[in-house]
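One structure is given below, encoded as structure tokens.
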Amino acid sequence: MNMRAFTDRDIHLALDGELPEDERAAYQAWLEANPDMKARSQRYAADHAALRNLFADVLEEPVPARLENAVNGEAPKRKLMAQWWRMAAAAALLVAGGLGGYVAGAGGLGGGADSDDQMAQLAIAAHQTFAADKNRPVEVDGTDQAYLTGWLSKRTGLKLIAPDLTSNGFRLLGGRLVPANGSTAALMLYADEQGNRISVYVTTEGTERTKGTYVLSGGGPEAVYWQAKGYGCAIVGTLPPDVLSVVAKDAYKQLLAGAGLTQS
């Protein structure tokens, strides 16, 4: 019997107890044959347990009246959509990257945002999660850039390069995959000698040509972003705005050149 192709989605189904019984033996064999996916499964399981422990007390509390009203259709639709977006973004990043630093920053996501703001919000959330992680900020380190960019390109569908930001004082730490709004984004992390970290978030999302800067309502890292049809990127950091702008423009020019695109 041929083993079907399992995916990351099946890991979540298995952890939630929703993987069909007749597929479990093949799933376990697939994990054993794919050590990287087995390690990911173990990481997700640890995150699941940590999340449950974190909210153990809350799970025993009665449902707040405002949420019952929302379920019964007594809350404004726009407000409900804003709440749904915050919860969905938080859940996606918790699953992808562990609890890390994102639990504290999730409440700053705004609802009802335009698509470019949504991309910037996710880029900032990913930065808050992984730039602060001292143990495992990246999945693949930056010592072999050809392997790193090939790995990220294959999984995002983009032709990626790792911008050389040494002239700006930043060296490449590595990269990882993070959630985008319905797809997957590449996140590349950089650090300077003072320990400041910036991230480069790139995704296939994007419609109209837009550019701008974005900061969460509660403050924190700033995102400098660009979008075009089928392409979006955001450079995120806590540098002074004028310094971050220079670094972002340098990174953006290199990303476009590597992808064979023209600057907007």
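Numbering starts fresh at 1 for the residues of each chain in the structure tokens, the chains themselves are lettered A, B, ... in the order given, and ligands are numbered from 1 as they appear.
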
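Residues within 7 Å of Thr156 (chain A), counting only C-alpha atoms and excluding same-chain residues fewer than 6 positions away, are Thr184, Ala185 and Ala186 of chain A.
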
What lies within 7 Å of region 157-173 of chain A using only C-alpha atoms, ignoring chain neighbours under 4 positions off, as a PDB file with C-alpha atoms, in the first residue's frame?
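As a result, part.pdb now contains:
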```pdb
ATOM      1  CA  ASP A 141      20.779  29.626  10.025  1.00  0.00           C
ATOM      2  CA  GLY A 142      22.439  32.016   7.622  1.00  0.00           C
ATOM      3  CA  THR A 149      17.138  31.144   0.226  1.00  0.00           C
ATOM      4  CA  SER A 153      11.876  30.115  -2.053  1.00  0.00           C
ATOM      5  CA  LEU A 189      16.375  37.914  10.786  1.00  0.00           C
ATOM      6  CA  TYR A 190      19.416  40.193  11.084  1.00  0.00           C
ATOM      7  CA  ALA A 191      21.381  41.538  14.061  1.00  0.00           C
ATOM      8  CA  ASP A 192      23.954  44.272  14.605  1.00  0.00           C
ATOM      9  CA  THR A 204       3.250  36.386  -2.276  1.00  0.00           C
ATOM     10  CA  VAL A 247      17.933  49.916   5.856  1.00  0.00           C
ATOM     11  CA  ALA A 251      16.770  45.571   1.588  1.00  0.00           C
ATOM     12  CA  GLN A 254      17.988  43.937  -3.287  1.00  0.00           C
ATOM     13  CA  LEU A 255      14.861  41.791  -2.879  1.00  0.00           C
ATOM     14  CA  GLY A 258      16.857  39.161  -6.818  1.00  0.00           C
ATOM     15  CA  ALA A 259      13.271  38.464  -7.868  1.00  0.00           C
TER      16      ALA A 259
END
```

Option closest in space to Arg4 (chain A), from A:Val140, A:Ala26, A:Ala257, A:Ala33 [counting only C-alpha atoms]: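 Of A:Val140, A:Ala26, A:Ala257, A:Ala33, the one nearest Arg4 (chain A), counting only C-alpha atoms, is A:Ala26.
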
Considering only C-alpha atoms, can you say which of A:Ala25, A:Met119, A:Leu31, A:Leu177 comes closest to Tyr214 (chain A)?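 Closest residue, counting only C-alpha atoms: A:Met119.
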
Choose the residue, out of A:Arg136, A:Arg155, A:Arg24, A:His12, that has the smallest atom-to-atom separation from Ala45 (chain A); count only C-alpha atoms. A:His12

At a cut-off of 9 Å, using only C-alpha atoms, what residues contact Ala248 (chain A)? Leave out same-chain residues fewer than 6 positions from it and give the result as a VMD selection string. chain A and resid 200 224 to 225 234 to 236

Export N, CA and C atoms of the chosen residues as a PDB file, in the first residue's frame?
```pdb
ATOM      1  N   VAL A 200      13.075  40.775   7.934  1.00  0.00           N
ATOM      2  CA  VAL A 200      12.608  41.004   6.569  1.00  0.00           C
ATOM      3  C   VAL A 200      11.530  39.952   6.288  1.00  0.00           C
ATOM      4  N   VAL A 224       8.187  48.997   7.782  1.00  0.00           N
ATOM      5  CA  VAL A 224       8.233  49.739   6.529  1.00  0.00           C
ATOM      6  C   VAL A 224       7.900  48.729   5.438  1.00  0.00           C
ATOM      7  N   TYR A 225       6.811  48.960   4.685  1.00  0.00           N
ATOM      8  CA  TYR A 225       6.329  47.911   3.787  1.00  0.00           C
ATOM      9  C   TYR A 225       6.100  48.421   2.365  1.00  0.00           C
ATOM     10  N   ALA A 234       7.899  43.510   4.191  1.00  0.00           N
ATOM     11  CA  ALA A 234       7.942  44.483   5.285  1.00  0.00           C
ATOM     12  C   ALA A 234       9.245  44.294   6.033  1.00  0.00           C
ATOM     13  N   ILE A 235       9.919  45.386   6.328  1.00  0.00           N
ATOM     14  CA  ILE A 235      11.133  45.361   7.130  1.00  0.00           C
ATOM     15  C   ILE A 235      10.749  45.948   8.492  1.00  0.00           C
ATOM     16  N   VAL A 236      11.007  45.200   9.550  1.00  0.00           N
ATOM     17  CA  VAL A 236      10.505  45.542  10.874  1.00  0.00           C
ATOM     18  C   VAL A 236      11.659  45.687  11.858  1.00  0.00           C
TER      19      VAL A 236
END
```
